[in-house]
Amino acid sequence: AAVSLRLLTPLACIAARSMASAAPRGGPAAFWDSTYGSGPEMVYGQAPNRWLAASSGVRDLVPEGARIVELASGEGRNAVWLAEQGFRTVGVDISAAGVAKSRAFAKAKGMSEDVLRFETGDATTFGDDDSFDAVVGIFAHVPPPMKQAFIANMVRIVKPGGRVIGQWYTPTHVDRKNDPAIAWGKGGPPDAAACLSAKELRSSPLGTEGAFEVLEEVDADVTEGTLHAGKANVLNVIWTKATLLEGKPDKGEA
């Protein structure tokens with residue numbers, strides 16, 4: 001059954017990896033190439049996501065030396081932090097500009113490709129079955145038609161007993177951001193359909209192929225880089241994939 005652990009609050013979320021529903025000409029890759037650019041500035045900053053860095057789901061629940069993939073890794077700040085914690089890390093992003101900046105950031109940090117590498121790839125199809133000890137997604141928003149494929153891919157590539165660890169903007173966040181009567185922060189998808197909710201995840205493969213340890217929608221301050229600042233409503237997730245011995249939860253159980 002789903003257990004909403006409030007151990008991870010208060011949150012001070014800093015990262016937003018959010019893909020607009022309607023990308024400009026050239027598709028999502030072109031959108032993110034334009035967002036990241038080729039200059040040295042990292043638009044979401046160099047520090048890792050605060051919730052990820054504080055989360056016991058990474059350092060206490062994932063074994064030392066585990067193989068982790070971050071999907072939609074952007075400019076690489078979270079993947080670099082994961083590698084610094086001793087995890088063998090792969091960062092995957094659709095943007096060639098983002099991957100190039102990630103590699104430059106890792107090199108500046110003295111990271112070896114033996115422990116950290118970045119690849120250009122699609123978050124909905126990347127990876128082999130049961131190949132990672134953990135899958136990380138920090139504000140890894142994809143266009144609405146791709147959401148179910150993205151969720152299914154996270155389930156597919158994580159090993160039985162492995163974890164999905166993520167933080168996403170919620171539809172509530174977009175509703176509040178678009179309400180002129182509410183003083184709300186900037187950042188995140190412009191379309192609520194590109195966001196994720198606890199209800200949506202309960203009815204997804206995450207709800208039928210394993211169990212939630214954390215599934216909570218909370219208000220937080222999201223301040224990072226030049227593109228995100230202020231109040232936000234976010235969804236925090238730590239999920240464990242069922243093993244063959246444990247079996248799957250009953251349908252609808254979360």
# chains A, B, ... in the order shown; residues from 1 in each chain; ligands from 1

$ residues_around --residues "A:Ser34" --least-positions-apart "5" --cutoff "10 Å" --atoms "only C-alpha atoms" --output "PyMOL selection string"
chain A and resi 24+28-29+95+97-98

$ write_last_selection --atoms "all heavy atoms" --output "tab-separated table (two decimals), in the first residue's frame"
chain	number	residue	atom	x	y	z
A	24	PRO	N	8.64	24.56	-30.03
A	24	PRO	CA	8.78	25.33	-31.24
A	24	PRO	C	9.16	24.44	-32.41
A	24	PRO	O	9.37	23.24	-32.27
A	24	PRO	CB	9.91	26.30	-30.90
A	24	PRO	CG	10.72	25.58	-29.89
A	24	PRO	CD	9.73	24.79	-29.08
A	28	PRO	N	10.79	19.04	-29.43
A	28	PRO	CA	11.34	19.22	-28.07
A	28	PRO	C	12.85	19.40	-28.04
A	28	PRO	O	13.35	20.18	-27.24
A	28	PRO	CB	10.91	17.93	-27.37
A	28	PRO	CG	9.70	17.47	-28.10
A	28	PRO	CD	9.93	17.84	-29.53
A	29	ALA	N	13.58	18.67	-28.87
A	29	ALA	CA	15.04	18.80	-28.85
A	29	ALA	C	15.46	20.21	-29.20
A	29	ALA	O	16.36	20.79	-28.54
A	29	ALA	CB	15.67	17.80	-29.82
A	95	SER	N	18.33	16.81	-25.55
A	95	SER	CA	19.01	18.00	-26.06
A	95	SER	C	20.51	17.75	-26.20
A	95	SER	O	21.20	17.50	-25.21
A	95	SER	CB	18.78	19.19	-25.13
A	95	SER	OG	19.66	20.24	-25.42
A	97	ALA	N	22.60	20.06	-26.87
A	97	ALA	CA	23.24	21.18	-26.16
A	97	ALA	C	23.33	20.89	-24.67
A	97	ALA	O	24.34	21.17	-24.03
A	97	ALA	CB	22.45	22.47	-26.41
A	98	GLY	N	22.27	20.33	-24.11
A	98	GLY	CA	22.29	19.97	-22.70
A	98	GLY	C	23.34	18.92	-22.39
A	98	GLY	O	24.04	19.00	-21.38

$ residues_around --residues "A:Gln85" --least-positions-apart "6" --cutoff "12 Å" --atoms "only C-alpha atoms" --output "VMD selection string"
chain A and resid 48 52 to 53 58 to 60 62 to 68 78 to 79 111 115 to 116

$ write_last_selection --atoms "C-alpha atoms" --output "CSV table (one decimal), in the first residue's frame"
chain,number,residue,atom,x,y,z
A,48,PRO,CA,21.6,19.5,-7.2
A,52,LEU,CA,16.9,14.8,-4.2
A,53,ALA,CA,20.0,15.7,-2.2
A,58,VAL,CA,19.0,8.0,-2.6
A,59,ARG,CA,21.7,7.7,0.0
A,60,ASP,CA,20.0,5.3,2.4
A,62,VAL,CA,19.9,2.8,-2.9
A,63,PRO,CA,23.0,0.6,-2.3
A,64,GLU,CA,26.4,2.1,-2.5
A,65,GLY,CA,27.9,1.7,-6.0
A,66,ALA,CA,24.4,1.3,-7.5
A,67,ARG,CA,23.8,2.0,-11.2
A,68,ILE,CA,21.5,5.0,-11.6
A,78,ASN,CA,21.9,16.2,-10.6
A,79,ALA,CA,23.8,13.4,-12.4
A,111,MET,CA,34.5,13.2,-13.1
A,115,VAL,CA,31.5,6.6,-13.0
A,116,LEU,CA,29.5,9.2,-15.0

$ atom_distance --atom1 "atom CA of A:Val80" --atom2 "atom CA of A:Ala140"
16.5 Å

$ atom_distance --atom1 "atom CA of A:Trp32" --atom2 "atom CA of A:Ile151"
20.5 Å

$ residues_around --residues "A:Ala149" --least-positions-apart "6" --cutoff "10 Å" --atoms "only C-alpha atoms" --output "PyMOL selection string"
chain A and resi 123-125+142+155

$ write_last_selection --atoms "all heavy atoms" --output "compact mmCIF listing (two decimals), in the first residue's frame"
# COMPACT_ATOMS: atom_id res chain seq x y z
N ALA A 123 13.80 9.91 -23.31
CA ALA A 123 13.44 9.41 -21.99
C ALA A 123 12.31 8.38 -22.04
O ALA A 123 12.11 7.65 -21.06
CB ALA A 123 13.02 10.57 -21.08
N THR A 124 11.59 8.29 -23.15
CA THR A 124 10.50 7.32 -23.24
C THR A 124 10.94 5.95 -23.75
O THR A 124 10.17 4.99 -23.69
CB THR A 124 9.38 7.84 -24.16
OG1 THR A 124 9.86 7.91 -25.51
CG2 THR A 124 8.90 9.21 -23.71
N THR A 125 12.17 5.86 -24.24
CA THR A 125 12.64 4.59 -24.82
C THR A 125 14.02 4.16 -24.35
O THR A 125 14.43 3.03 -24.59
CB THR A 125 12.67 4.68 -26.36
OG1 THR A 125 13.56 5.75 -26.75
CG2 THR A 125 11.29 4.95 -26.93
N VAL A 142 7.43 15.73 -19.95
CA VAL A 142 7.40 15.47 -21.39
C VAL A 142 6.03 15.92 -21.92
O VAL A 142 5.09 16.10 -21.15
CB VAL A 142 7.64 13.98 -21.70
CG1 VAL A 142 9.00 13.54 -21.19
CG2 VAL A 142 6.54 13.11 -21.10
N VAL A 155 9.39 2.25 -15.30
CA VAL A 155 9.09 0.95 -14.71
C VAL A 155 9.88 -0.16 -15.41
O VAL A 155 10.42 -1.07 -14.76
CB VAL A 155 7.58 0.66 -14.79
CG1 VAL A 155 7.27 -0.76 -14.34
CG2 VAL A 155 6.81 1.67 -13.93
